[in-house]
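K.L.:
Encoded as structure tokens, here's the structure I'll be asking about.
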Amino acid sequence: MSRKNRFSDKLPPFVPLFRETLAAPAYRQLSFGARALFTALRTHCVKNNGHVYLSLRDAGEELGHKNRNDIANWYRELQHYGFIVQTEAASLGVDGKGKATHWRITDVPTRKDNNELASATKDFLHWDGAAFEPHVAPSRRWSARKAASIQKQDPGLHVGTTVDCTSVPKVDYTSVPLQPPSGTNVQPISEQLGGTNVPPISSLATLVAKLDATAAARARQQRYSRPAQRATK
């Protein structure tokens, strides 16, 4: 076979998935989103196993999924079932640019520092059967609706059971209570209210009433005495 015919049957670029991996019980337990993310990671694994990285933003663009919380859960799911192992955590670089987390795919051999290949660990084959529990992010809309319902059920301590404690009676501060007339022509209280329930008059009130009557009598005497003095003159 000539060299030309030998390379004419070459396949285009592809992503290999081993049948052993696809038939594993742990792989069947994966969600469809985690399976799609595993395939995307295998696309970026080209002689760099142990340093495979794919940020949440790039993974969302490749998978056509905008929710980064779901993508983060898919990463945790793959790590839980033993398909990937974290080798380097995400960090902020010296130049101010963030570095994504580096992963090692367990069904692919890893090249060591001395350029030797280490066999694949295939941690997913040792899955203990524990199911993955995703991290559920709180929804803002759900939290606001729940807070509103709780506020309706429990209005607070400022609201009373039978009396509205928050309402304050309005008082007209410009109004002045009317004062009863004073003098000798005032009707005694004892004549207005009869019975044993009439409160007694204090000595101070009696003294004030006498002083008012004396002052009124002097004023009348002075008023009547002035015309007499003018007549004598």
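Ligands are numbered from 1 in the order shown, residues from 1 within each chain, and chains are lettered A, B, ... in the order they appear in the structure tokens.
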Give me the residues within 12 Å of Lys99 (chain A) as a list in words, counting only C-alpha atoms and dropping any in the same chain fewer than 5 places off.
P.N.:
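These residues fall inside the cut-off: His51, Val52, Tyr53, Leu54, Ser55, Leu56, Glu88, Ala89, Ala90, Ser91, Leu92, Gly93 and Val94 of chain A.
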K.L.:
How would the residues just picked look written out with N, CA, C and O atoms as a tab-separated table (two decimals), in the first residue's frame?
P.N.:
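Listing of selection.tsv after writing:
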chain	number	residue	atom	x	y	z
A	51	HIS	N	-3.44	18.46	33.73
A	51	HIS	CA	-3.50	19.92	33.59
A	51	HIS	C	-4.63	20.32	32.64
A	51	HIS	O	-4.56	21.36	31.98
A	52	VAL	N	-5.67	19.51	32.59
A	52	VAL	CA	-6.83	19.81	31.77
A	52	VAL	C	-7.67	20.85	32.50
A	52	VAL	O	-7.98	20.69	33.69
A	53	TYR	N	-8.01	21.93	31.83
A	53	TYR	CA	-8.81	22.99	32.45
A	53	TYR	C	-9.88	23.46	31.49
A	53	TYR	O	-9.70	23.48	30.27
A	54	LEU	N	-11.00	23.84	32.07
A	54	LEU	CA	-12.13	24.38	31.32
A	54	LEU	C	-12.96	25.18	32.31
A	54	LEU	O	-13.57	24.62	33.22
A	55	SER	N	-12.93	26.48	32.17
A	55	SER	CA	-13.63	27.35	33.11
A	55	SER	C	-15.14	27.19	32.97
A	55	SER	O	-15.64	26.64	31.99
A	56	LEU	N	-15.85	27.69	33.96
A	56	LEU	CA	-17.31	27.61	33.92
A	56	LEU	C	-17.87	28.41	32.75
A	56	LEU	O	-18.85	28.00	32.13
A	88	GLU	N	-5.06	21.06	40.69
A	88	GLU	CA	-4.68	22.44	41.02
A	88	GLU	C	-5.95	23.25	41.15
A	88	GLU	O	-6.81	23.24	40.26
A	89	ALA	N	-6.06	23.97	42.28
A	89	ALA	CA	-7.26	24.76	42.53
A	89	ALA	C	-7.24	26.06	41.73
A	89	ALA	O	-6.17	26.53	41.30
A	90	ALA	N	-8.41	26.63	41.55
A	90	ALA	CA	-8.51	27.91	40.85
A	90	ALA	C	-7.89	29.02	41.69
A	90	ALA	O	-7.96	29.01	42.92
A	91	SER	N	-7.28	29.98	41.01
A	91	SER	CA	-6.60	31.07	41.72
A	91	SER	C	-6.55	32.28	40.82
A	91	SER	O	-6.92	32.23	39.64
A	92	LEU	N	-6.05	33.37	41.40
A	92	LEU	CA	-5.88	34.63	40.66
A	92	LEU	C	-4.40	34.77	40.32
A	92	LEU	O	-3.54	34.73	41.20
A	93	GLY	N	-4.08	34.94	39.05
A	93	GLY	CA	-2.70	35.01	38.62
A	93	GLY	C	-2.04	36.32	39.00
A	93	GLY	O	-2.66	37.26	39.50
A	94	VAL	N	-0.73	36.39	38.75
A	94	VAL	CA	0.04	37.58	39.08
A	94	VAL	C	-0.40	38.76	38.22
A	94	VAL	O	-0.42	39.91	38.68
K.L.:
Step one, run DSSP on the backbone; step two, keep only residues of region 70-146 of chain A assigned to alpha helix (DSSP H); then write them as a list of chain:residue names.
P.N.:
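The residues of region 70-146 of chain A classed as alpha helix (DSSP H) are A:Asp70, A:Ile71, A:Ala72, A:Asn73, A:Trp74, A:Tyr75, A:Arg76, A:Glu77, A:Leu78, A:Gln79, A:His80, A:Tyr81, A:Arg140, A:Arg141, A:Trp142, A:Ser143, A:Ala144, A:Arg145, A:Lys146.
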K.L.:
Sorted by chain and rising residue number, list the residues of region 71-118 of chain A at most 12 Å from region 17-20 of chain A (counting only C-alpha atoms), each with its closest atom pair and distance in Å to one decimal, as CSV.
P.N.:
residue,atom,partner,partner_atom,distance
A:Ile105,CA,A:Leu17,CA,11.8
A:Thr106,CA,A:Phe18,CA,11.8
A:Asp107,CA,A:Phe18,CA,8.3
A:Val108,CA,A:Phe18,CA,9.6
K.L.:
Please, could you write that set of residues out with all heavy atoms as a PDB file, in the first residue's frame?
P.N.:
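Writing the result to out19.pdb gives the following:
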ATOM      1  N   ILE A 105      -8.108  13.415  34.242  1.00  0.00           N
ATOM      2  CA  ILE A 105      -9.129  12.456  33.829  1.00  0.00           C
ATOM      3  C   ILE A 105      -8.629  11.058  34.161  1.00  0.00           C
ATOM      4  O   ILE A 105      -7.520  10.672  33.750  1.00  0.00           O
ATOM      5  CB  ILE A 105      -9.452  12.612  32.340  1.00  0.00           C
ATOM      6  CG1 ILE A 105      -9.943  14.039  32.060  1.00  0.00           C
ATOM      7  CG2 ILE A 105     -10.500  11.597  31.902  1.00  0.00           C
ATOM      8  CD1 ILE A 105     -10.233  14.320  30.605  1.00  0.00           C
ATOM      9  N   THR A 106      -9.416  10.304  34.884  1.00  0.00           N
ATOM     10  CA  THR A 106      -8.920   9.058  35.468  1.00  0.00           C
ATOM     11  C   THR A 106      -8.855   7.891  34.489  1.00  0.00           C
ATOM     12  O   THR A 106      -8.189   6.892  34.780  1.00  0.00           O
ATOM     13  CB  THR A 106      -9.819   8.657  36.651  1.00  0.00           C
ATOM     14  OG1 THR A 106     -11.173   8.504  36.206  1.00  0.00           O
ATOM     15  CG2 THR A 106      -9.765   9.708  37.742  1.00  0.00           C
ATOM     16  N   ASP A 107      -9.527   7.979  33.341  1.00  0.00           N
ATOM     17  CA  ASP A 107      -9.461   6.866  32.396  1.00  0.00           C
ATOM     18  C   ASP A 107      -8.431   7.093  31.301  1.00  0.00           C
ATOM     19  O   ASP A 107      -8.421   6.365  30.298  1.00  0.00           O
ATOM     20  CB  ASP A 107     -10.840   6.596  31.781  1.00  0.00           C
ATOM     21  CG  ASP A 107     -11.316   7.725  30.891  1.00  0.00           C
ATOM     22  OD1 ASP A 107     -10.772   8.845  31.019  1.00  0.00           O
ATOM     23  OD2 ASP A 107     -12.238   7.514  30.083  1.00  0.00           O
ATOM     24  N   VAL A 108      -7.567   8.082  31.483  1.00  0.00           N
ATOM     25  CA  VAL A 108      -6.520   8.396  30.513  1.00  0.00           C
ATOM     26  C   VAL A 108      -5.171   8.357  31.238  1.00  0.00           C
ATOM     27  O   VAL A 108      -5.063   8.856  32.366  1.00  0.00           O
ATOM     28  CB  VAL A 108      -6.754   9.778  29.867  1.00  0.00           C
ATOM     29  CG1 VAL A 108      -5.652  10.108  28.870  1.00  0.00           C
ATOM     30  CG2 VAL A 108      -8.112   9.815  29.185  1.00  0.00           C
TER      31      VAL A 108
END
K.L.:
Please provide the set of residues having any atom within 10 Å of Asp70 (chain A), restricted to only C-alpha atoms, with same-chain residues fewer than 4 positions apart removed, written as a list in words.
P.N.:
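The residues satisfying every condition are Gly33, Ala34, Leu56, Gly60, His65, Lys66, Trp74, Tyr75, Arg76, Pro134, His135, Val136 and Ala137 of chain A.
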K.L.:
Go ahead and write the residues just picked, all heavy atoms, as a compact mmCIF listing (two decimals), in the first residue's frame.
P.N.:
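This went into out_18.txt:
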# COMPACT_ATOMS: atom_id res chain seq x y z
N GLY A 33 -26.10 16.28 31.84
CA GLY A 33 -25.21 17.43 31.85
C GLY A 33 -23.80 17.06 32.22
O GLY A 33 -22.83 17.56 31.64
N ALA A 34 -23.62 16.18 33.21
CA ALA A 34 -22.28 15.73 33.60
C ALA A 34 -21.63 14.91 32.49
O ALA A 34 -20.41 15.01 32.26
CB ALA A 34 -22.37 14.90 34.88
N LEU A 56 -15.85 27.69 33.96
CA LEU A 56 -17.31 27.61 33.92
C LEU A 56 -17.87 28.41 32.75
O LEU A 56 -18.85 28.00 32.13
CB LEU A 56 -17.89 28.13 35.24
CG LEU A 56 -17.51 27.36 36.52
CD1 LEU A 56 -18.18 28.01 37.73
CD2 LEU A 56 -17.92 25.90 36.41
N GLY A 60 -19.84 26.75 29.68
CA GLY A 60 -21.19 27.17 29.33
C GLY A 60 -21.33 27.51 27.86
O GLY A 60 -22.37 27.23 27.25
N HIS A 65 -25.10 26.21 27.75
CA HIS A 65 -25.85 26.29 29.01
C HIS A 65 -25.35 27.51 29.77
O HIS A 65 -24.15 27.65 30.00
CB HIS A 65 -25.64 25.01 29.82
CG HIS A 65 -26.61 24.85 30.95
ND1 HIS A 65 -27.90 24.39 30.76
CD2 HIS A 65 -26.49 25.09 32.27
CE1 HIS A 65 -28.53 24.34 31.92
NE2 HIS A 65 -27.69 24.77 32.86
N LYS A 66 -26.27 28.38 30.18
CA LYS A 66 -25.88 29.64 30.79
C LYS A 66 -25.80 29.58 32.32
O LYS A 66 -25.17 30.43 32.92
CB LYS A 66 -26.88 30.74 30.39
CG LYS A 66 -26.91 31.04 28.91
CD LYS A 66 -27.89 32.15 28.59
CE LYS A 66 -27.92 32.45 27.10
NZ LYS A 66 -28.88 33.54 26.77
N TRP A 74 -22.12 19.83 37.96
CA TRP A 74 -21.65 18.75 37.09
C TRP A 74 -20.18 18.43 37.35
O TRP A 74 -19.78 17.26 37.32
CB TRP A 74 -21.87 19.14 35.63
CG TRP A 74 -23.31 19.29 35.27
CD1 TRP A 74 -24.39 18.78 35.94
CD2 TRP A 74 -23.85 20.03 34.17
NE1 TRP A 74 -25.56 19.14 35.32
CE2 TRP A 74 -25.27 19.91 34.23
CE3 TRP A 74 -23.30 20.78 33.13
CZ2 TRP A 74 -26.11 20.51 33.30
CZ3 TRP A 74 -24.13 21.38 32.21
CH2 TRP A 74 -25.52 21.24 32.29
N TYR A 75 -19.39 19.45 37.62
CA TYR A 75 -18.00 19.21 38.01
C TYR A 75 -17.94 18.40 39.31
O TYR A 75 -17.15 17.45 39.44
CB TYR A 75 -17.25 20.54 38.18
CG TYR A 75 -16.55 21.02 36.93
CD1 TYR A 75 -16.97 22.17 36.26
CD2 TYR A 75 -15.45 20.34 36.43
CE1 TYR A 75 -16.33 22.61 35.13
CE2 TYR A 75 -14.79 20.77 35.29
CZ TYR A 75 -15.24 21.91 34.63
OH TYR A 75 -14.59 22.34 33.51
N ARG A 76 -18.74 18.79 40.30
CA ARG A 76 -18.76 18.05 41.56
C ARG A 76 -19.24 16.62 41.36
O ARG A 76 -18.76 15.69 42.02
CB ARG A 76 -19.66 18.77 42.56
CG ARG A 76 -19.23 20.19 42.91
CD ARG A 76 -20.08 20.74 44.04
NE ARG A 76 -19.82 22.16 44.25
CZ ARG A 76 -20.62 23.13 43.81
NH1 ARG A 76 -21.72 22.82 43.14
NH2 ARG A 76 -20.32 24.41 44.02
N PRO A 134 -26.68 17.16 44.61
CA PRO A 134 -26.25 18.46 44.08
C PRO A 134 -26.48 19.58 45.07
O PRO A 134 -27.36 19.51 45.93
CB PRO A 134 -27.11 18.64 42.82
CG PRO A 134 -28.32 17.82 43.09
CD PRO A 134 -27.87 16.64 43.91
N HIS A 135 -25.68 20.62 44.94
CA HIS A 135 -25.85 21.83 45.74
C HIS A 135 -26.90 22.70 45.08
O HIS A 135 -26.75 23.11 43.92
CB HIS A 135 -24.53 22.59 45.85
CG HIS A 135 -23.47 21.84 46.59
ND1 HIS A 135 -22.25 22.38 46.89
CD2 HIS A 135 -23.45 20.58 47.09
CE1 HIS A 135 -21.53 21.49 47.54
NE2 HIS A 135 -22.24 20.38 47.66
N VAL A 136 -27.96 22.96 45.80
CA VAL A 136 -29.07 23.76 45.27
C VAL A 136 -28.84 25.21 45.67
O VAL A 136 -28.76 25.52 46.86
CB VAL A 136 -30.42 23.25 45.79
CG1 VAL A 136 -31.56 24.10 45.23
CG2 VAL A 136 -30.60 21.78 45.44
N ALA A 137 -28.69 26.07 44.69
CA ALA A 137 -28.51 27.50 44.96
C ALA A 137 -29.86 28.14 45.24
O ALA A 137 -30.86 27.83 44.58
CB ALA A 137 -27.85 28.19 43.76
K.L.:
Report, in Å to a single decimal, how far apart CA of Ala26 (chain A) and CA of Asp128 (chain A) are.
P.N.:
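Calculated distance between CA of Asp128 (chain A) and CA of Ala26 (chain A) is 9.3 Å.
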K.L.:
Have a look at CA of Pro16 (chain A) and CA of Asn114 (chain A) and let me know their distance in Å, one decimal.
P.N.:
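According to the coordinates, CA of Pro16 (chain A) and CA of Asn114 (chain A) are separated by 25.8 Å.
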K.L.:
For CA of Phe132 (chain A) and CA of Thr21 (chain A), quote the distance in Å rounded to one decimal.
P.N.:
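According to the coordinates, CA of Phe132 (chain A) and CA of Thr21 (chain A) are separated by 18.2 Å.
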K.L.:
Would you kindly return, as a VMD selection string, each protein, DNA or RNA residue with an atom no farther than 8 Å from any atom of region 118-122 of chain A, considering only C-alpha atoms and excluding same-chain residues fewer than 3 positions away?
P.N.:
chain A and resid 82 to 83 106 to 112 125 to 126
